[in-house]
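Raw coords.cif, mmCIF, C-alpha atoms and all ligand atoms:
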```cif
data_run
#
loop_
_atom_site.group_PDB
_atom_site.id
_atom_site.type_symbol
_atom_site.label_atom_id
_atom_site.label_comp_id
_atom_site.auth_asym_id
_atom_site.auth_seq_id
_atom_site.Cartn_x
_atom_site.Cartn_y
_atom_site.Cartn_z
ATOM 1 C CA MET A 1 -7.464 -11.642 19.415
ATOM 2 C CA SER A 2 -7.904 -8.693 21.760
ATOM 3 C CA GLY A 3 -5.176 -6.243 22.638
ATOM 4 C CA VAL A 4 -4.328 -5.624 18.970
ATOM 5 C CA PRO A 5 -4.846 -1.906 18.370
ATOM 6 C CA ALA A 6 -7.067 -0.595 15.589
ATOM 7 C CA LEU A 7 -5.706 1.828 13.005
ATOM 8 C CA HIS A 8 -7.104 5.360 13.351
ATOM 9 C CA CYS A 9 -8.178 6.652 9.946
ATOM 10 C CA GLY A 10 -10.004 9.918 10.582
ATOM 11 C CA PRO A 11 -13.481 8.964 11.854
ATOM 12 C CA ARG A 12 -12.934 5.312 10.944
ATOM 13 C CA ARG A 13 -11.307 2.536 12.989
ATOM 14 C CA LEU A 14 -9.757 -0.351 11.107
ATOM 15 C CA PRO A 15 -9.467 -3.408 13.369
ATOM 16 C CA LEU A 16 -6.178 -5.231 12.877
ATOM 17 C CA ASP A 17 -6.825 -8.356 14.946
ATOM 18 C CA THR A 18 -7.147 -10.212 11.639
ATOM 19 C CA PRO A 19 -5.138 -9.470 8.465
ATOM 20 C CA GLN A 20 -6.821 -6.870 6.264
ATOM 21 C CA ILE A 21 -6.799 -6.269 2.517
ATOM 22 C CA MET A 22 -6.041 -3.030 0.668
ATOM 23 C CA GLY A 23 -7.383 -3.210 -2.904
ATOM 24 C CA VAL A 24 -5.557 -1.220 -5.597
ATOM 25 C CA ILE A 25 -7.465 1.317 -7.740
ATOM 26 C CA ASN A 26 -4.989 2.589 -10.318
ATOM 27 C CA MET A 27 -5.849 5.862 -12.047
ATOM 28 C CA THR A 28 -2.660 5.781 -14.088
ATOM 29 C CA PRO A 29 -2.497 5.214 -17.837
ATOM 30 C CA ASP A 30 0.908 3.509 -17.550
ATOM 31 C CA SER A 31 0.767 1.207 -14.515
ATOM 32 C CA PHE A 32 2.642 -2.042 -15.146
ATOM 33 C CA SER A 33 -0.135 -4.366 -14.038
ATOM 34 C CA ASP A 34 -3.490 -2.726 -14.737
ATOM 35 C CA GLY A 35 -2.782 0.638 -16.362
ATOM 36 C CA ALA A 36 -5.615 2.359 -18.166
ATOM 37 C CA LYS A 37 -8.123 -0.237 -16.967
ATOM 38 C CA TYR A 38 -10.684 2.507 -16.362
ATOM 39 C CA LEU A 39 -9.767 4.680 -19.365
ATOM 40 C CA GLN A 40 -12.393 4.775 -22.151
ATOM 41 C CA GLN A 41 -11.528 6.700 -25.341
ATOM 42 C CA GLY A 42 -9.004 8.776 -23.426
ATOM 43 C CA ARG A 43 -11.367 9.643 -20.536
ATOM 44 C CA TRP A 44 -11.559 8.112 -17.077
ATOM 45 C CA ASP A 45 -14.835 6.190 -16.741
ATOM 46 C CA LEU A 46 -16.126 6.757 -13.189
ATOM 47 C CA ALA A 47 -18.813 4.091 -13.508
ATOM 48 C CA LEU A 48 -16.203 1.462 -14.362
ATOM 49 C CA VAL A 49 -14.083 2.500 -11.370
ATOM 50 C CA THR A 50 -17.085 2.502 -9.024
ATOM 51 C CA ASP A 51 -18.133 -0.994 -10.139
ATOM 52 C CA ALA A 52 -14.625 -2.349 -9.672
ATOM 53 C CA ALA A 53 -14.363 -0.718 -6.245
ATOM 54 C CA ALA A 54 -17.742 -2.041 -5.073
ATOM 55 C CA ARG A 55 -16.668 -5.497 -6.215
ATOM 56 C CA MET A 56 -13.429 -5.236 -4.229
ATOM 57 C CA VAL A 57 -15.381 -4.295 -1.085
ATOM 58 C CA GLU A 58 -17.761 -7.250 -1.627
ATOM 59 C CA ASP A 59 -14.742 -9.487 -2.126
ATOM 60 C CA GLY A 60 -13.233 -8.476 1.203
ATOM 61 C CA ALA A 61 -11.203 -5.270 0.872
ATOM 62 C CA ALA A 62 -11.237 -3.080 3.999
ATOM 63 C CA ILE A 63 -9.231 -0.340 2.263
ATOM 64 C CA LEU A 64 -9.225 0.958 -1.323
ATOM 65 C CA ASP A 65 -5.986 2.637 -2.403
ATOM 66 C CA VAL A 66 -6.564 5.249 -5.109
ATOM 67 C CA GLY A 67 -3.428 6.351 -6.959
ATOM 68 C CA GLY A 68 -2.790 8.818 -9.774
ATOM 69 C CA GLU A 69 1.003 8.801 -9.868
ATOM 70 C CA SER A 70 2.761 5.827 -11.421
ATOM 71 C CA THR A 71 5.736 4.832 -9.283
ATOM 72 C CA ARG A 72 6.742 1.813 -11.333
ATOM 73 C CA PRO A 73 10.432 1.573 -12.226
ATOM 74 C CA GLY A 74 11.239 4.093 -14.966
ATOM 75 C CA ALA A 75 8.001 6.068 -14.566
ATOM 76 C CA THR A 76 8.035 9.811 -15.208
ATOM 77 C CA PRO A 77 6.626 12.319 -12.673
ATOM 78 C CA VAL A 78 3.043 13.628 -12.870
ATOM 79 C CA SER A 79 1.967 17.251 -12.234
ATOM 80 C CA VAL A 80 -0.163 18.213 -9.225
ATOM 81 C CA ALA A 81 -3.014 19.259 -11.550
ATOM 82 C CA GLU A 82 -2.971 15.932 -13.402
ATOM 83 C CA GLU A 83 -2.820 13.906 -10.188
ATOM 84 C CA LEU A 84 -5.732 15.899 -8.694
ATOM 85 C CA ALA A 85 -7.817 15.380 -11.848
ATOM 86 C CA ARG A 86 -7.169 11.633 -11.697
ATOM 87 C CA VAL A 87 -7.914 10.931 -8.033
ATOM 88 C CA VAL A 88 -10.291 13.542 -6.550
ATOM 89 C CA PRO A 89 -13.445 12.651 -8.559
ATOM 90 C CA VAL A 90 -12.870 8.963 -7.828
ATOM 91 C CA ILE A 91 -12.400 9.511 -4.101
ATOM 92 C CA GLU A 92 -15.545 11.658 -3.945
ATOM 93 C CA ARG A 93 -17.511 8.852 -5.558
ATOM 94 C CA LEU A 94 -15.967 5.987 -3.552
ATOM 95 C CA SER A 95 -16.281 7.713 -0.188
ATOM 96 C CA ARG A 96 -19.963 6.645 -0.226
ATOM 97 C CA LEU A 97 -18.796 3.055 0.256
ATOM 98 C CA ASP A 98 -18.333 1.637 3.757
ATOM 99 C CA VAL A 99 -14.567 1.279 3.458
ATOM 100 C CA VAL A 100 -11.391 3.186 4.243
ATOM 101 C CA ILE A 101 -10.357 5.206 1.181
ATOM 102 C CA SER A 102 -6.614 5.606 0.875
ATOM 103 C CA VAL A 103 -4.878 8.086 -1.403
ATOM 104 C CA ASP A 104 -1.559 6.967 -2.849
ATOM 105 C CA THR A 105 0.348 10.248 -3.092
ATOM 106 C CA SER A 106 3.509 12.038 -1.978
ATOM 107 C CA LYS A 107 2.187 15.545 -2.671
ATOM 108 C CA PRO A 108 0.687 17.719 0.100
ATOM 109 C CA GLU A 109 -1.726 19.436 -2.313
ATOM 110 C CA VAL A 110 -3.096 16.084 -3.468
ATOM 111 C CA ALA A 111 -3.263 14.649 0.065
ATOM 112 C CA ARG A 112 -5.214 17.663 1.322
ATOM 113 C CA ALA A 113 -7.730 17.587 -1.553
ATOM 114 C CA ALA A 114 -8.099 13.809 -1.228
ATOM 115 C CA VAL A 115 -8.910 14.019 2.485
ATOM 116 C CA GLU A 116 -11.410 16.817 1.787
ATOM 117 C CA ALA A 117 -12.983 14.492 -0.814
ATOM 118 C CA GLY A 118 -13.310 11.672 1.747
ATOM 119 C CA ALA A 119 -10.003 9.802 1.934
ATOM 120 C CA THR A 120 -9.096 8.736 5.489
ATOM 121 C CA LEU A 121 -5.656 7.192 4.854
ATOM 122 C CA ILE A 122 -2.605 8.628 3.090
ATOM 123 C CA ASN A 123 -0.309 6.036 1.505
ATOM 124 C CA ASP A 124 2.987 7.793 0.802
ATOM 125 C CA VAL A 125 5.759 5.838 -0.959
ATOM 126 C CA ARG A 126 8.089 8.700 0.057
ATOM 127 C CA ALA A 127 7.144 8.439 3.753
ATOM 128 C CA LEU A 128 6.140 12.143 4.109
ATOM 129 C CA GLN A 129 9.588 13.421 3.073
ATOM 130 C CA ALA A 130 8.373 15.862 0.379
ATOM 131 C CA PRO A 131 8.443 19.526 1.475
ATOM 132 C CA GLY A 132 5.314 20.332 3.505
ATOM 133 C CA MET A 133 4.006 16.773 3.529
ATOM 134 C CA LEU A 134 4.752 15.948 7.184
ATOM 135 C CA ALA A 135 3.256 19.225 8.482
ATOM 136 C CA LEU A 136 0.179 18.818 6.278
ATOM 137 C CA SER A 137 -0.283 15.225 7.450
ATOM 138 C CA ALA A 138 0.010 16.273 11.080
ATOM 139 C CA SER A 139 -2.733 18.864 10.527
ATOM 140 C CA LEU A 140 -5.135 16.196 9.215
ATOM 141 C CA ASP A 141 -6.723 13.294 11.098
ATOM 142 C CA ALA A 142 -6.038 10.600 8.476
ATOM 143 C CA GLY A 143 -4.083 7.380 8.880
ATOM 144 C CA LEU A 144 -0.583 7.416 7.351
ATOM 145 C CA CYS A 145 1.391 4.660 5.631
ATOM 146 C CA LEU A 146 5.155 5.293 5.658
ATOM 147 C CA MET A 147 6.920 3.317 2.917
ATOM 148 C CA HIS A 148 10.625 2.805 2.300
ATOM 149 C CA MET A 149 11.998 3.595 -1.153
ATOM 150 C CA GLN A 150 15.673 3.903 -2.082
ATOM 151 C CA GLY A 151 16.151 6.547 -4.795
ATOM 152 C CA GLU A 152 13.409 7.680 -7.151
ATOM 153 C CA PRO A 153 11.293 5.602 -9.582
ATOM 154 C CA ASP A 154 13.178 6.723 -12.714
ATOM 155 C CA SER A 155 16.409 5.078 -11.521
ATOM 156 C CA MET A 156 15.750 3.116 -8.316
ATOM 157 C CA GLN A 157 16.253 -0.322 -9.863
ATOM 158 C CA VAL A 158 19.740 0.554 -11.200
ATOM 159 C CA ASP A 159 22.131 -1.341 -8.909
ATOM 160 C CA PRO A 160 20.425 -0.808 -5.516
ATOM 161 C CA ARG A 161 22.809 -1.300 -2.575
ATOM 162 C CA TYR A 162 22.458 -1.747 1.181
ATOM 163 C CA ARG A 163 24.722 -2.579 4.065
ATOM 164 C CA ASP A 164 22.039 -4.910 5.408
ATOM 165 C CA VAL A 165 18.704 -4.312 3.686
ATOM 166 C CA VAL A 166 16.565 -5.313 6.673
ATOM 167 C CA SER A 167 18.374 -3.207 9.243
ATOM 168 C CA ASP A 168 18.745 -0.284 6.785
ATOM 169 C CA VAL A 169 15.003 -0.284 5.996
ATOM 170 C CA CYS A 170 14.159 -0.731 9.676
ATOM 171 C CA ARG A 171 16.352 2.236 10.666
ATOM 172 C CA PHE A 172 14.821 4.424 7.949
ATOM 173 C CA LEU A 173 11.263 3.562 9.009
ATOM 174 C CA GLN A 174 12.156 4.106 12.674
ATOM 175 C CA GLY A 175 13.358 7.608 11.746
ATOM 176 C CA ARG A 176 10.146 8.385 9.865
ATOM 177 C CA VAL A 177 7.971 7.058 12.710
ATOM 178 C CA GLN A 178 9.930 9.284 15.111
ATOM 179 C CA ALA A 179 9.529 12.291 12.788
ATOM 180 C CA CYS A 180 5.756 11.710 12.840
ATOM 181 C CA LEU A 181 5.638 11.395 16.630
ATOM 182 C CA ASP A 182 7.752 14.564 16.935
ATOM 183 C CA ALA A 183 5.265 16.358 14.646
ATOM 184 C CA GLY A 184 2.483 15.466 17.097
ATOM 185 C CA ILE A 185 1.012 12.551 15.130
ATOM 186 C CA ASP A 186 -0.414 9.780 17.307
ATOM 187 C CA ARG A 187 1.187 6.345 16.853
ATOM 188 C CA SER A 188 -2.302 4.851 16.339
ATOM 189 C CA ARG A 189 -2.468 6.603 12.938
ATOM 190 C CA LEU A 190 0.714 4.969 11.574
ATOM 191 C CA LEU A 191 1.540 2.041 9.299
ATOM 192 C CA VAL A 192 4.994 1.103 7.984
ATOM 193 C CA ASP A 193 5.893 -0.716 4.769
ATOM 194 C CA PRO A 194 9.304 -2.011 3.584
ATOM 195 C CA GLY A 195 8.419 -1.088 -0.028
ATOM 196 C CA PHE A 196 8.931 -4.308 -1.984
ATOM 197 C CA GLY A 197 10.426 -3.501 -5.386
ATOM 198 C CA PHE A 198 11.260 0.117 -4.581
ATOM 199 C CA GLY A 199 15.030 0.299 -5.048
ATOM 200 C CA LYS A 200 15.644 -3.377 -4.214
ATOM 201 C CA SER A 201 17.170 -6.355 -5.997
ATOM 202 C CA LEU A 202 15.390 -9.706 -5.916
ATOM 203 C CA THR A 203 17.673 -10.821 -3.097
ATOM 204 C CA HIS A 204 16.924 -7.642 -1.123
ATOM 205 C CA ASN A 205 13.169 -8.252 -1.553
ATOM 206 C CA LEU A 206 13.488 -11.870 -0.420
ATOM 207 C CA GLN A 207 15.600 -10.934 2.616
ATOM 208 C CA LEU A 208 12.947 -8.375 3.579
ATOM 209 C CA LEU A 209 10.174 -10.940 3.203
ATOM 210 C CA ASP A 210 11.997 -13.644 5.120
ATOM 211 C CA ARG A 211 13.002 -11.318 7.954
ATOM 212 C CA LEU A 212 9.827 -9.210 7.969
ATOM 213 C CA ALA A 213 9.251 -10.061 11.637
ATOM 214 C CA GLU A 214 12.249 -7.838 12.525
ATOM 215 C CA LEU A 215 10.160 -4.811 11.488
ATOM 216 C CA GLN A 216 7.686 -5.629 14.256
ATOM 217 C CA SER A 217 10.204 -4.008 16.621
ATOM 218 C CA LEU A 218 8.918 -0.647 15.289
ATOM 219 C CA ASN A 219 5.644 -1.207 17.173
ATOM 220 C CA VAL A 220 3.620 -0.010 14.192
ATOM 221 C CA PRO A 221 1.407 -2.318 12.085
ATOM 222 C CA LEU A 222 3.031 -3.566 8.864
ATOM 223 C CA LEU A 223 1.605 -3.197 5.371
ATOM 224 C CA VAL A 224 3.117 -5.131 2.458
ATOM 225 C CA GLY A 225 2.590 -4.964 -1.286
ATOM 226 C CA MET A 226 3.998 -7.663 -3.549
ATOM 227 C CA SER A 227 0.955 -8.263 -5.768
ATOM 228 C CA ARG A 228 1.944 -8.932 -9.419
ATOM 229 C CA LYS A 229 5.388 -7.386 -8.906
ATOM 230 C CA SER A 230 8.419 -8.387 -10.951
ATOM 231 C CA MET A 231 10.033 -10.019 -7.893
ATOM 232 C CA LEU A 232 7.340 -12.699 -8.280
ATOM 233 C CA GLY A 233 7.798 -12.878 -12.058
ATOM 234 C CA ARG A 234 11.539 -13.400 -11.651
ATOM 235 C CA ILE A 235 10.922 -16.412 -9.433
ATOM 236 C CA VAL A 236 8.067 -18.183 -11.202
ATOM 237 C CA GLY A 237 8.920 -17.017 -14.732
ATOM 238 C CA ARG A 238 5.453 -15.621 -15.475
ATOM 239 C CA ASP A 239 3.997 -12.442 -16.983
ATOM 240 C CA VAL A 240 2.145 -9.925 -14.867
ATOM 241 C CA GLY A 241 -1.310 -11.468 -15.394
ATOM 242 C CA GLU A 242 -0.136 -14.915 -14.268
ATOM 243 C CA ARG A 243 1.432 -14.037 -10.938
ATOM 244 C CA VAL A 244 -1.616 -14.451 -8.705
ATOM 245 C CA PRO A 245 -0.633 -17.789 -7.116
ATOM 246 C CA ALA A 246 2.881 -16.514 -6.401
ATOM 247 C CA GLY A 247 1.372 -13.321 -4.959
ATOM 248 C CA LEU A 248 -0.920 -15.297 -2.662
ATOM 249 C CA ALA A 249 1.998 -17.356 -1.388
ATOM 250 C CA ALA A 250 3.995 -14.167 -0.775
ATOM 251 C CA ALA A 251 1.035 -12.607 1.071
ATOM 252 C CA VAL A 252 0.648 -15.653 3.321
ATOM 253 C CA LEU A 253 4.396 -15.754 4.039
ATOM 254 C CA ALA A 254 4.251 -12.057 4.971
ATOM 255 C CA VAL A 255 1.226 -12.432 7.246
ATOM 256 C CA ALA A 256 2.874 -15.415 8.934
ATOM 257 C CA ARG A 257 5.778 -13.064 9.714
ATOM 258 C CA GLY A 258 3.542 -10.340 11.132
ATOM 259 C CA ALA A 259 2.079 -8.284 8.246
ATOM 260 C CA ALA A 260 -1.245 -6.720 9.269
ATOM 261 C CA ILE A 261 -2.381 -5.431 5.854
ATOM 262 C CA VAL A 262 -1.797 -6.802 2.350
ATOM 263 C CA ARG A 263 -2.021 -4.447 -0.641
ATOM 264 C CA THR A 264 -3.231 -6.345 -3.698
ATOM 265 C CA HIS A 265 -4.851 -6.158 -7.127
ATOM 266 C CA ASP A 266 -6.447 -9.572 -6.521
ATOM 267 C CA VAL A 267 -8.797 -9.080 -3.592
ATOM 268 C CA ALA A 268 -11.064 -12.153 -3.754
ATOM 269 C CA GLU A 269 -8.157 -14.578 -4.031
ATOM 270 C CA THR A 270 -6.216 -12.825 -1.277
ATOM 271 C CA ARG A 271 -9.239 -12.956 1.041
ATOM 272 C CA ASP A 272 -9.352 -16.750 0.871
ATOM 273 C CA ALA A 273 -5.593 -17.081 1.324
ATOM 274 C CA LEU A 274 -5.560 -14.787 4.374
ATOM 275 C CA LEU A 275 -8.528 -16.583 5.919
ATOM 276 C CA MET A 276 -6.219 -19.596 6.188
ATOM 277 C CA CYS A 277 -3.858 -17.431 8.277
ATOM 278 C CA THR A 278 -6.750 -16.187 10.415
ATOM 279 C CA ALA A 279 -7.947 -19.765 10.973
ATOM 280 C CA LEU A 280 -4.554 -20.925 12.253
ATOM 281 C CA ARG A 281 -4.399 -17.958 14.593
ATOM 282 C CA ASP A 282 -7.970 -18.319 15.872
ATOM 283 C CA PRO A 283 -9.639 -21.671 15.084
ATOM 284 C CA ALA A 284 -12.625 -20.867 17.291
ATOM 285 C CA ARG A 285 -13.746 -18.257 14.751
ATOM 286 C CA PHE A 286 -14.497 -21.049 12.292
ATOM 287 C CA ASP A 287 -15.325 -24.011 14.578
ATOM 288 C CA GLY A 288 -18.906 -24.613 15.645
HETATM 289 C C1 LIG A 301 3.294 -0.224 -3.104
HETATM 290 C C2 LIG A 301 2.593 0.968 -2.899
HETATM 291 C C3 LIG A 301 2.892 0.640 -5.024
HETATM 292 C C4 LIG A 301 3.698 -0.964 -1.950
HETATM 293 C C5 LIG A 301 2.639 0.743 -0.609
HETATM 294 C C6 LIG A 301 2.294 -1.508 -7.499
HETATM 295 C C7 LIG A 301 1.670 2.759 -4.352
HETATM 296 C C8 LIG A 301 3.360 -0.498 -7.510
HETATM 297 N N1 LIG A 301 3.457 -0.425 -4.439
HETATM 298 N N2 LIG A 301 2.265 1.462 -1.671
HETATM 299 N N3 LIG A 301 2.352 1.500 -4.112
HETATM 300 N N4 LIG A 301 3.345 -0.440 -0.734
HETATM 301 N N5 LIG A 301 2.337 1.173 0.630
HETATM 302 O O1 LIG A 301 2.619 -2.716 -7.652
HETATM 303 O O2 LIG A 301 4.351 -2.004 -2.009
HETATM 304 O O3 LIG A 301 1.102 -1.200 -7.396
HETATM 305 S S1 LIG A 301 2.844 1.001 -6.743
#
```

Can you dump the structure from the file as structure tokens?
Amino acid sequence: MSGVPALHCGPRRLPLDTPQIMGVINMTPDSFSDGAKYLQQGRWDLALVTDAAARMVEDGAAILDVGGESTRPGATPVSVAEELARVVPVIERLSRLDVVISVDTSKPEVARAAVEAGATLINDVRALQAPGMLALSASLDAGLCLMHMQGEPDSMQVDPRYRDVVSDVCRFLQGRVQACLDAGIDRSRLLVDPGFGFGKSLTHNLQLLDRLAELQSLNVPLLVGMSRKSMLGRIVGRDVGERVPAGLAAAVLAVARGAAIVRTHDVAETRDALLMCTALRDPARFDG
């Protein structure tokens, strides 16, 4: 489809006429789904990370999201020095790949170093609200993902409340988009994300998924991340390693409601699922 704008990520352009995949590279020892995957005898193994990343690109990821701060429910904060040590060497190595490298951080010091190391997208679960983060982001040329989170990871899942979760999240994201525009950031650099699991009950998450199309009124492409999350486990009654089918269904439901990018740990499977969405939208791509 023409007329769908591409996302501006520094020197890179990410076309969004078909749904795209963001693969997760977790440099956290305590992530709920794949923590410490690349840790060997207490040290991060860059070769293991590079192999996994190259595989994700082969499997269909257009973005790799490198994170060094665990934001899972109950997680404790990480220092700037520790976060830098976890993500910068990885980003330097992965920036040789033909893919958008995203840094999952809320800290201006980490975002700056990550972009210098080759990241072209900043994925901020705090939507650039940390002191200095909006000004720093405006001074860079990277793409920016603005995510909604209610509260902070240590306590966000304790009785989350909304008036109406969809309109509350929509209003918050609208405010953050406006803050970016006011800071001189071009709309073509922005993504928004409702933040599944970040200060939301199961019902809140399902309302957001079902009414995701309402967020299209923000006129910014939507990114969603539900891969392996407990919202899936609560529904299908399965442990984290057995949530792939539920995650694929959730991804397809989200894309059918307008999501442009799906963040996932399971790139190859998600590629096939999203190709079914692409085929319905544009049969000619596959016919003849
Ligand atoms: C999300 C995310 C996580 C998400 C965006 C996990 C860093 C938990 N979830 N970023 N990050 N959206 N934009 O499951 O849903 O990996 S951490």

Could you pull the residues within 12 Å of stretch 2-15 of chain A, counting all atoms listed in the file, minus those fewer than 6 positions along the same chain, as an mmCIF file with C-alpha atoms, keeping the file's coordinate frame?
```
data_model
loop_
_atom_site.group_PDB
_atom_site.id
_atom_site.type_symbol
_atom_site.label_atom_id
_atom_site.label_comp_id
_atom_site.auth_asym_id
_atom_site.auth_seq_id
_atom_site.Cartn_x
_atom_site.Cartn_y
_atom_site.Cartn_z
ATOM 1 C CA ILE A 21 -6.799 -6.269 2.517
ATOM 2 C CA MET A 22 -6.041 -3.030 0.668
ATOM 3 C CA ALA A 61 -11.203 -5.270 0.872
ATOM 4 C CA ALA A 62 -11.237 -3.080 3.999
ATOM 5 C CA ILE A 63 -9.231 -0.340 2.263
ATOM 6 C CA SER A 95 -16.281 7.713 -0.188
ATOM 7 C CA ASP A 98 -18.333 1.637 3.757
ATOM 8 C CA VAL A 99 -14.567 1.279 3.458
ATOM 9 C CA VAL A 100 -11.391 3.186 4.243
ATOM 10 C CA ILE A 101 -10.357 5.206 1.181
ATOM 11 C CA SER A 102 -6.614 5.606 0.875
ATOM 12 C CA VAL A 103 -4.878 8.086 -1.403
ATOM 13 C CA VAL A 115 -8.910 14.019 2.485
ATOM 14 C CA GLU A 116 -11.410 16.817 1.787
ATOM 15 C CA GLY A 118 -13.310 11.672 1.747
ATOM 16 C CA ALA A 119 -10.003 9.802 1.934
ATOM 17 C CA THR A 120 -9.096 8.736 5.489
ATOM 18 C CA LEU A 121 -5.656 7.192 4.854
ATOM 19 C CA ILE A 122 -2.605 8.628 3.090
ATOM 20 C CA ASN A 123 -0.309 6.036 1.505
ATOM 21 C CA SER A 137 -0.283 15.225 7.450
ATOM 22 C CA ALA A 138 0.010 16.273 11.080
ATOM 23 C CA SER A 139 -2.733 18.864 10.527
ATOM 24 C CA LEU A 140 -5.135 16.196 9.215
ATOM 25 C CA ASP A 141 -6.723 13.294 11.098
ATOM 26 C CA ALA A 142 -6.038 10.600 8.476
ATOM 27 C CA GLY A 143 -4.083 7.380 8.880
ATOM 28 C CA LEU A 144 -0.583 7.416 7.351
ATOM 29 C CA CYS A 145 1.391 4.660 5.631
ATOM 30 C CA ILE A 185 1.012 12.551 15.130
ATOM 31 C CA ASP A 186 -0.414 9.780 17.307
ATOM 32 C CA ARG A 187 1.187 6.345 16.853
ATOM 33 C CA SER A 188 -2.302 4.851 16.339
ATOM 34 C CA ARG A 189 -2.468 6.603 12.938
ATOM 35 C CA LEU A 190 0.714 4.969 11.574
ATOM 36 C CA LEU A 191 1.540 2.041 9.299
ATOM 37 C CA VAL A 192 4.994 1.103 7.984
ATOM 38 C CA ASN A 219 5.644 -1.207 17.173
ATOM 39 C CA VAL A 220 3.620 -0.010 14.192
ATOM 40 C CA PRO A 221 1.407 -2.318 12.085
ATOM 41 C CA LEU A 222 3.031 -3.566 8.864
ATOM 42 C CA LEU A 223 1.605 -3.197 5.371
ATOM 43 C CA ALA A 260 -1.245 -6.720 9.269
ATOM 44 C CA ILE A 261 -2.381 -5.431 5.854
ATOM 45 C CA ASP A 282 -7.970 -18.319 15.872
#
```

- Near A:Asp51, counting all atoms listed in the file, which residues have an atom at most 12 Å away, once you skip same-chain residues fewer than 6 positions from it, shown as a VMD selection string? chain A and resid 25 38 45 57 to 58 90 93 to 94 97

- Task: Kindly provide, as a ChimeraX atom specification, all nucleotide and amino acid residues lying within 9 Å of ligand LIG 301 (chain A), counting all atoms listed in the file.
- Result: /A:24-26,31-34,65-67,69-73,103-105,123-125,145-148,191-198,223-230,262-265

- Straight-line distance linking atom CA of A:Gln157 with atom CA of A:Ser201, stated in Å to one decimal: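 Interatomic distance, atom CA of A:Gln157 to atom CA of A:Ser201: 7.2 Å.
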
- Counting all atoms listed in the file, closest pick from A:Glu242, A:Asp266, A:Glu214, A:Asp182 relative to A:Val166 is A:Glu214

- To verify the selection step, state as a ChimeraX atom specification which residues the PyMOL selection byres (((chain A and resi 249-251) around 10) and not hetatm) yields on this input. /A:206,209-210,224-227,232,244-248,252-257,259,261-264,270,273-274,277

- By how many Å are atom CA of A:Arg55 and atom CA of A:Asp272 apart?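 Computed distance, atom CA of A:Arg55 to atom CA of A:Asp272, equals 15.2 Å.
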
- Just give me the gap between atom CA of A:Lys107 and atom CA of A:Ala135 in Å, one decimal is fine.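 Atom-to-atom, atom CA of A:Lys107 to atom CA of A:Ala135, that is 11.8 Å.
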
- Close residues, A:Leu136 itself excluded, 9 Å, all atoms listed in the file, min 3 positions apart in chain, as a list in words: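 Here the qualifying residues turn out to be Pro108, Glu109, Ala111, Arg112, Gly132, Met133, Ser139 and Leu140 of chain A.
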
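Of the residues listed (A:Leu208, A:Ala117, A:Ile91, A:Ala268), A:Ala268 shows the shortest atom-to-atom separation from A:Asp59; distances use all atoms listed in the file.
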
Could you add the missing atoms to stretch 134-145 of chain A, up to N, CA and C atoms, and return them as a short mmCIF file (atom, residue, chain, number, x, y, z; two decimals), keeping the file's coordinate frame?
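Below is the file that was written, rebuild_39.cif:
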```cif
data_model
loop_
_atom_site.label_atom_id
_atom_site.label_comp_id
_atom_site.auth_asym_id
_atom_site.auth_seq_id
_atom_site.Cartn_x
_atom_site.Cartn_y
_atom_site.Cartn_z
N LEU A 134 4.88 16.38 5.79
CA LEU A 134 4.75 15.95 7.18
C LEU A 134 3.85 16.91 7.96
N ALA A 135 4.07 18.23 7.77
CA ALA A 135 3.26 19.23 8.48
C ALA A 135 1.79 19.13 8.07
N LEU A 136 1.56 18.95 6.77
CA LEU A 136 0.18 18.82 6.28
C LEU A 136 -0.47 17.59 6.90
N SER A 137 0.26 16.47 6.91
CA SER A 137 -0.28 15.22 7.45
C SER A 137 -0.61 15.37 8.93
N ALA A 138 0.25 16.07 9.65
CA ALA A 138 0.01 16.27 11.08
C ALA A 138 -1.26 17.09 11.30
N SER A 139 -1.57 17.99 10.37
CA SER A 139 -2.73 18.86 10.53
C SER A 139 -4.04 18.15 10.19
N LEU A 140 -3.94 16.97 9.56
CA LEU A 140 -5.14 16.20 9.22
C LEU A 140 -5.33 15.09 10.25
N ASP A 141 -6.44 14.36 10.14
CA ASP A 141 -6.72 13.29 11.10
C ASP A 141 -6.60 11.91 10.45
N ALA A 142 -6.05 11.85 9.24
CA ALA A 142 -6.04 10.60 8.48
C ALA A 142 -4.96 9.64 8.97
N GLY A 143 -5.14 8.35 8.69
CA GLY A 143 -4.08 7.38 8.88
C GLY A 143 -2.97 7.65 7.88
N LEU A 144 -1.76 7.12 8.17
CA LEU A 144 -0.58 7.42 7.35
C LEU A 144 0.23 6.15 7.15
N CYS A 145 0.50 5.79 5.89
CA CYS A 145 1.39 4.66 5.63
C CYS A 145 2.74 5.20 5.17
#
```
